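Visitor: Provided herewith: query30.pdb, PDB, C-alpha atoms, pLDDT in the B column.
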```
ATOM      1  CA  VAL A   1     104.952  86.739  18.669  1.00 88.00           C
ATOM      2  CA  GLU A   2     103.447  89.505  20.715  1.00 93.00           C
ATOM      3  CA  LEU A   3     101.579  87.068  22.922  1.00 93.00           C
ATOM      4  CA  GLU A   4     104.729  85.002  23.424  1.00 93.00           C
ATOM      5  CA  ALA A   5     106.563  88.121  24.566  1.00 94.00           C
ATOM      6  CA  LYS A   6     103.766  88.875  27.022  1.00 95.00           C
ATOM      7  CA  VAL A   7     103.845  85.267  28.308  1.00 96.00           C
ATOM      8  CA  ASP A   8     107.639  85.451  28.745  1.00 95.00           C
ATOM      9  CA  ALA A   9     107.315  88.792  30.581  1.00 95.00           C
ATOM     10  CA  LEU A  10     104.589  87.402  32.825  1.00 96.00           C
ATOM     11  CA  ASN A  11     106.652  84.259  33.525  1.00 96.00           C
ATOM     12  CA  ASP A  12     109.644  86.433  34.399  1.00 95.00           C
ATOM     13  CA  GLU A  13     107.444  88.510  36.726  1.00 95.00           C
ATOM     14  CA  ILE A  14     106.036  85.337  38.346  1.00 96.00           C
ATOM     15  CA  ASN A  15     109.568  83.962  38.852  1.00 96.00           C
ATOM     16  CA  PHE A  16     110.668  87.310  40.322  1.00 96.00           C
ATOM     17  CA  LEU A  17     107.702  87.459  42.701  1.00 96.00           C
ATOM     18  CA  ARG A  18     108.214  83.782  43.646  1.00 96.00           C
ATOM     19  CA  THR A  19     111.880  84.464  44.465  1.00 96.00           C
ATOM     20  CA  LEU A  20     110.925  87.594  46.421  1.00 95.00           C
ATOM     21  CA  ASN A  21     108.280  85.642  48.341  1.00 95.00           C
ATOM     22  CA  GLU A  22     110.776  82.866  49.168  1.00 95.00           C
ATOM     23  CA  MET A  23     113.299  85.448  50.422  1.00 94.00           C
ATOM     24  CA  GLU A  24     110.667  87.124  52.630  1.00 93.00           C
ATOM     25  CA  LEU A  25     109.545  83.736  53.937  1.00 92.00           C
ATOM     26  CA  THR A  26     113.147  82.781  54.745  1.00 91.00           C
ATOM     27  CA  GLU A  27     113.688  86.082  56.552  1.00 87.00           C
ATOM     28  CA  LEU A  28     110.504  85.692  58.574  1.00 85.00           C
ATOM     29  CA  GLN A  29     111.450  82.136  59.493  1.00 83.00           C
ATOM     30  CA  SER A  30     114.873  83.285  60.680  1.00 80.00           C
ATOM     31  CA  GLN A  31     113.228  85.983  62.831  1.00 76.00           C
ATOM     32  CA  ILE A  32     110.850  83.440  64.270  1.00 75.00           C
ATOM     33  CA  SER A  33     113.659  81.044  65.054  1.00 66.00           C
ATOM     34  CA  ASP A  34     115.619  83.878  66.729  1.00 59.00           C
ATOM     35  CA  THR A  35     112.713  84.654  69.018  1.00 61.00           C
ATOM     36  CA  SER A  36     111.512  81.158  69.666  1.00 53.00           C
ATOM     37  CA  VAL A  37     111.091  80.234  73.284  1.00 58.00           C
ATOM     38  CA  VAL A  38     111.401  76.770  74.629  1.00 60.00           C
ATOM     39  CA  LEU A  39     109.012  76.178  77.453  1.00 61.00           C
ATOM     40  CA  SER A  40     109.210  73.063  79.448  1.00 64.00           C
ATOM     41  CA  MET A  41     107.192  72.122  82.442  1.00 62.00           C
ATOM     42  CA  ASP A  42     107.910  69.596  85.089  1.00 60.00           C
ATOM     43  CA  ASN A  43     104.635  67.795  85.417  1.00 59.00           C
ATOM     44  CA  GLY A  44     106.302  65.301  87.693  1.00 57.00           C
ATOM     45  CA  ARG A  45     105.550  67.331  90.783  1.00 60.00           C
ATOM     46  CA  SER A  46     101.954  67.544  91.781  1.00 63.00           C
ATOM     47  CA  LEU A  47     100.350  70.640  93.197  1.00 68.00           C
ATOM     48  CA  ASP A  48      99.142  70.074  96.717  1.00 74.00           C
ATOM     49  CA  LEU A  49      96.398  72.669  96.873  1.00 82.00           C
ATOM     50  CA  ASP A  50      95.313  71.578 100.338  1.00 85.00           C
ATOM     51  CA  SER A  51      98.720  72.379 101.810  1.00 87.00           C
ATOM     52  CA  ILE A  52      98.887  75.688  99.918  1.00 86.00           C
ATOM     53  CA  ILE A  53      95.431  76.653 101.197  1.00 91.00           C
ATOM     54  CA  ALA A  54      96.389  75.564 104.713  1.00 91.00           C
ATOM     55  CA  GLU A  55      99.570  77.654 104.552  1.00 91.00           C
ATOM     56  CA  VAL A  56      97.701  80.752 103.330  1.00 91.00           C
ATOM     57  CA  LYS A  57      95.049  80.184 105.997  1.00 93.00           C
ATOM     58  CA  ALA A  58      97.746  79.918 108.675  1.00 93.00           C
ATOM     59  CA  GLN A  59      99.329  83.163 107.473  1.00 93.00           C
ATOM     60  CA  TYR A  60      95.989  84.979 107.591  1.00 91.00           C
ATOM     61  CA  GLU A  61      95.219  83.536 111.017  1.00 93.00           C
ATOM     62  CA  GLU A  62      98.613  84.749 112.260  1.00 93.00           C
ATOM     63  CA  MET A  63      97.937  88.229 110.853  1.00 92.00           C
ATOM     64  CA  ALA A  64      94.476  88.226 112.452  1.00 92.00           C
ATOM     65  CA  LYS A  65      95.977  87.076 115.751  1.00 93.00           C
ATOM     66  CA  CYS A  66      98.547  89.895 115.650  1.00 91.00           C
ATOM     67  CA  SER A  67      95.867  92.439 114.731  1.00 92.00           C
ATOM     68  CA  ARG A  68      93.623  91.158 117.511  1.00 93.00           C
ATOM     69  CA  ALA A  69      96.492  91.366 120.011  1.00 92.00           C
ATOM     70  CA  GLU A  70      97.303  94.931 118.910  1.00 93.00           C
ATOM     71  CA  ALA A  71      93.636  95.944 119.188  1.00 93.00           C
ATOM     72  CA  GLU A  72      93.310  94.346 122.617  1.00 93.00           C
ATOM     73  CA  ALA A  73      96.500  96.081 123.806  1.00 93.00           C
ATOM     74  CA  TRP A  74      95.216  99.419 122.508  1.00 92.00           C
ATOM     75  CA  TYR A  75      91.817  98.922 124.183  1.00 92.00           C
ATOM     76  CA  GLN A  76      93.487  97.816 127.420  1.00 94.00           C
ATOM     77  CA  THR A  77      95.670 100.943 127.402  1.00 94.00           C
ATOM     78  CA  LYS A  78      92.654 103.106 126.623  1.00 94.00           C
ATOM     79  CA  PHE A  79      90.642 101.397 129.393  1.00 93.00           C
ATOM     80  CA  GLU A  80      93.436 101.921 131.936  1.00 94.00           C
ATOM     81  CA  THR A  81      93.736 105.573 130.906  1.00 94.00           C
ATOM     82  CA  LEU A  82      89.989 106.062 131.311  1.00 93.00           C
ATOM     83  CA  GLN A  83      90.054 104.300 134.688  1.00 94.00           C
ATOM     84  CA  ALA A  84      92.861 106.590 135.857  1.00 94.00           C
ATOM     85  CA  GLN A  85      90.932 109.634 134.646  1.00 94.00           C
ATOM     86  CA  ALA A  86      87.757 108.386 136.363  1.00 93.00           C
ATOM     87  CA  GLY A  87      89.711 107.889 139.606  1.00 93.00           C
ATOM     88  CA  LYS A  88      91.178 111.378 139.340  1.00 94.00           C
ATOM     89  CA  HIS A  89      87.763 112.878 138.640  1.00 94.00           C
ATOM     90  CA  GLY A  90      86.328 110.915 141.579  1.00 94.00           C
ATOM     91  CA  ASP A  91      89.063 112.318 143.846  1.00 94.00           C
ATOM     92  CA  ASP A  92      88.407 115.816 142.506  1.00 95.00           C
ATOM     93  CA  LEU A  93      84.684 115.375 143.150  1.00 95.00           C
ATOM     94  CA  ARG A  94      85.321 114.146 146.719  1.00 95.00           C
ATOM     95  CA  ASN A  95      87.658 117.098 147.367  1.00 95.00           C
ATOM     96  CA  THR A  96      85.103 119.526 145.971  1.00 96.00           C
ATOM     97  CA  ARG A  97      82.359 118.019 148.168  1.00 96.00           C
ATOM     98  CA  ASN A  98      84.635 118.346 151.208  1.00 96.00           C
ATOM     99  CA  GLU A  99      85.351 121.979 150.341  1.00 96.00           C
ATOM    100  CA  ILE A 100      81.606 122.640 149.953  1.00 96.00           C
ATOM    101  CA  SER A 101      80.938 121.009 153.344  1.00 96.00           C
ATOM    102  CA  GLU A 102      83.675 123.112 154.973  1.00 96.00           C
ATOM    103  CA  MET A 103      82.308 126.271 153.380  1.00 97.00           C
ATOM    104  CA  ASN A 104      78.747 125.422 154.504  1.00 97.00           C
ATOM    105  CA  TRP A 105      80.074 124.871 158.044  1.00 97.00           C
ATOM    106  CA  ALA A 106      81.981 128.193 157.851  1.00 97.00           C
ATOM    107  CA  ILE A 107      78.826 129.946 156.586  1.00 97.00           C
ATOM    108  CA  GLN A 108      76.764 128.501 159.478  1.00 97.00           C
ATOM    109  CA  ARG A 109      79.450 129.554 161.988  1.00 97.00           C
ATOM    110  CA  LEU A 110      79.618 133.072 160.536  1.00 97.00           C
ATOM    111  CA  GLN A 111      75.802 133.243 160.466  1.00 97.00           C
ATOM    112  CA  ALA A 112      75.736 132.347 164.160  1.00 97.00           C
ATOM    113  CA  GLU A 113      78.402 134.990 164.880  1.00 97.00           C
ATOM    114  CA  ILE A 114      76.377 137.568 162.950  1.00 97.00           C
ATOM    115  CA  ASP A 115      73.254 136.671 164.958  1.00 97.00           C
ATOM    116  CA  ASN A 116      75.238 136.972 168.238  1.00 97.00           C
ATOM    117  CA  ILE A 117      76.670 140.324 167.200  1.00 97.00           C
ATOM    118  CA  LYS A 118      73.178 141.549 166.213  1.00 97.00           C
ATOM    119  CA  ASN A 119      71.873 140.468 169.617  1.00 97.00           C
ATOM    120  CA  GLN A 120      74.796 142.231 171.337  1.00 97.00           C
ATOM    121  CA  ARG A 121      74.131 145.356 169.294  1.00 97.00           C
ATOM    122  CA  ALA A 122      70.441 145.266 170.148  1.00 96.00           C
ATOM    123  CA  LYS A 123      71.281 144.886 173.867  1.00 96.00           C
ATOM    124  CA  LEU A 124      73.819 147.719 173.663  1.00 96.00           C
ATOM    125  CA  GLU A 125      71.297 149.934 171.873  1.00 95.00           C
ATOM    126  CA  ALA A 126      68.704 149.107 174.529  1.00 95.00           C
ATOM    127  CA  ALA A 127      71.224 149.890 177.294  1.00 95.00           C
ATOM    128  CA  ILE A 128      72.105 153.187 175.609  1.00 95.00           C
ATOM    129  CA  ALA A 129      68.427 153.996 175.241  1.00 93.00           C
ATOM    130  CA  ARG A 130      67.852 153.327 178.969  1.00 94.00           C
ATOM    131  CA  LEU A 131      70.804 155.551 179.878  1.00 91.00           C
ATOM    132  CA  ARG A 132      69.444 158.523 178.007  1.00 83.00           C
TER     133      ARG A 132
END
```
Would you mind writing the structure in this file as structure tokens?
Guide:
Amino acid sequence: VELEAKVDALNDEINFLRTLNEMELTELQSQISDTSVVLSMDNGRSLDLDSIIAEVKAQYEEMAKCSRAEAEAWYQTKFETLQAQAGKHGDDLRNTRNEISEMNWAIQRLQAEIDNIKNQRAKLEAAIARLR
């Protein structure tokens, strides 16, 4: 009798756990069905990798062309600026050389005047010495 009671209790527990398991399984299945995603793909269109690669290549070539043009414009501007500065410095150098030449000529003229005045002074001193 005791063993039959234990068997009945165990059968009741098995039935309870089976029902609980079925309820959990049903709940999980409803959650899965709520979050299911239908994914469909159109395999009818083929990927043309050559055209994609060509398009990407054309885009990069266009970017490189623009970058090259910008760099060339910048270098051209820089070159023109340096040429203008070189021209200005050349003019400044020419002007400075002219000023140096004029000053050398003025120095030679003044040196000659000094020599003439020294000669005049020497003659005047000699004349004064003769008069004494």
Visitor: What gap, in Å, lies between atom CA of A:Ala86 and atom CA of A:Trp74?
Guide: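 Separating atom CA of A:Ala86 from atom CA of A:Trp74 is a distance of 18.1 Å.
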Visitor: Hey, could you pull the box centre and edge lengths for stretch 83-98 of chain A, axis-aligned, 8 Å padding per side, all listed atoms, to one decimal in Å, as lines of an AutoDock Vina configuration file?
Guide:
```
center_x = 87.6
center_y = 111.9
center_z = 142.9
size_x = 26.5
size_y = 31.2
size_z = 32.6
```
Visitor: Just give me the gap between atom CA of A:Gln31 and atom CA of A:Asp12 in Å, one decimal is fine.
Guide: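 Taking atom CA of A:Gln31 as the start and atom CA of A:Asp12 as the end point, the length is 28.7 Å.
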